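A short worksheet on the structure shown next.
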Amino acid sequence: MSGTYSPGRVITPGLDQHVTDRLVLRTLDGAADLLMEELRSLPSVDSIHQLTNDSVECMVDGRLSEIAACSLYSTVAIALHDDFLRPLAQSGQDGVLATLPTPIGFRVGCDDPGVRYAVITAIERELGWINQPGSWDVNLTRTADGSIAEIGPLSWMRRFGRLERLPWSTTPLVAEVLVRLAKLQPGQRIVDPFCGTGTILLAALRRQPSGRVIGTDRDPRALAIADHNRQQLGGLAQATAEALPYAAGTVDRIITNLPFGKLVGTHHANRTLYAAALSEIDRVLTTDGRAVLLTEDKRLLHKAIEHQRGLKLVRQRLLRYNGATPTAYVLTRPRERR
C-alpha cells in the first residue's frame, strides 16, 4: 500500500493557519449539491455557489484544517483572471498558498509553448517560484471553469492517503457520495456486500466513526487488499451477496457498488445476481433500514426492484465520471412495513 488511512487525518502543511481565499472545489459530476450542503455546515466557509455540474466556488475565512477535512471534493484551486499574478500573490500573503513551503514548485499546463514560456518567466520573476513540472505544488491550467491554480497538497489523496485498489474498485469520491446518500447515524451496522478493496467501508467509517462497518466479497484477492487498507474496519468475510452471513433485520445500512456486468461479471449473470442480492437486502435490513446501490445495469436493477415488494425506490442520482454514467438508487422500507 502506498499510503495509510486514518479517519479524519489530513496530509498537508499549514493546516492550523488562518486563510482568507476564494477557492474552486471539484467533485463528481452530479454531486455538486451535496458538496454545497456540506460546505454550508462549515463556519469558515461562505459565499458558496455552483459553477458547473462538478465544481463549486466558495470563500474561506478560517483555519485551513476545516475545509481540508471535507472528503467530498477531489481538488482545490484558486480562480485566476487575466492578471493571473495578482490572485497568486494575494493567496501567497494570507490565503492557501501562504500555507505551502517556499519556494513553491509549479507547472504550467498549456499547449502553446509561447504562452507557457511567458507565464513561467513571469511567475519565476515576480513570485520567485520554481518551475518543476514533474514535482509541483501548484498546477496552472485551464478548465471549463476558466484558468485555475490547482493546489497539489490539497488533493484528495494527499489529504487522506492513497489506497491500494483493483482496476474495477470504487473510486474514493464515488464512495463518499454513496455514503452521503445513506444518511448514516451513530452506532449503526453498515454492510457492503460487494466490498471489494473496502473503499466504501472506509468512507462510511470516515463519515460515522462510531458505525459498525462490515464487508463481504466473494473475491479473496479483493478482501486481502481491503484488509491491507482497512486498519480500523470491522469484520471482513468471504461470502456471496446471495447468502449474506447476517440474521434477519440486523443491518441498518447497506451501501454497495454492484457489478456493472463490464469489468466485473456479465449482464447475463446480473439477471440472477441482482434479484438474489435484493432478496437478501430485504431479509437483513431493519424496519427503518436504508440501502444505496450503484450500477450502470439500470434496467435490470429497476426490474429486480419492482419484484421486491419489501423495498421501495425513493431516490435516484445520476453520476458521471471516467466515461461511466451509473445511477445511485436509494431504497427504504415501504411505509406500511415500518
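Here's how to read the names in the C-alpha cells: chain A, B, ... by the order shown, residue numbers from 1 in each chain, ligand numbers from 1 in the order shown.
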All residues 10 Å or closer to stretch 302-315 of chain A, only C-alpha atoms, same chain fewer than 3 positions away omitted, as a count of residues only = 32
Could you give me, as a VMD selection string, each residue of stretch 70-305 of chain A that DSSP assigns to alpha helix (DSSP H) when run on this structure's backbone?
-> chain A and resid 85 to 94 113 to 127 156 to 160 172 to 182 199 to 207 220 to 230 267 to 284 298 to 305
Identify which of the residues A:Ser155, A:Asn322, A:Ser91, A:Ser71 lies closest to A:His18, counting only C-alpha atoms when measuring atom-to-atom distances.
-> A:Ser91
Point out the residue among A:Pro43, A:Gly134, A:Gly146, A:Gly95 with the least atom-to-atom distance to A:Leu80, counting only C-alpha atoms.
-> A:Gly146
A:Ser169: which residues within 8 Å, counting only C-alpha atoms, same-chain residues fewer than 6 positions away excluded, as JSON, numbers by chain?
-> {"A": [196, 197, 199]}
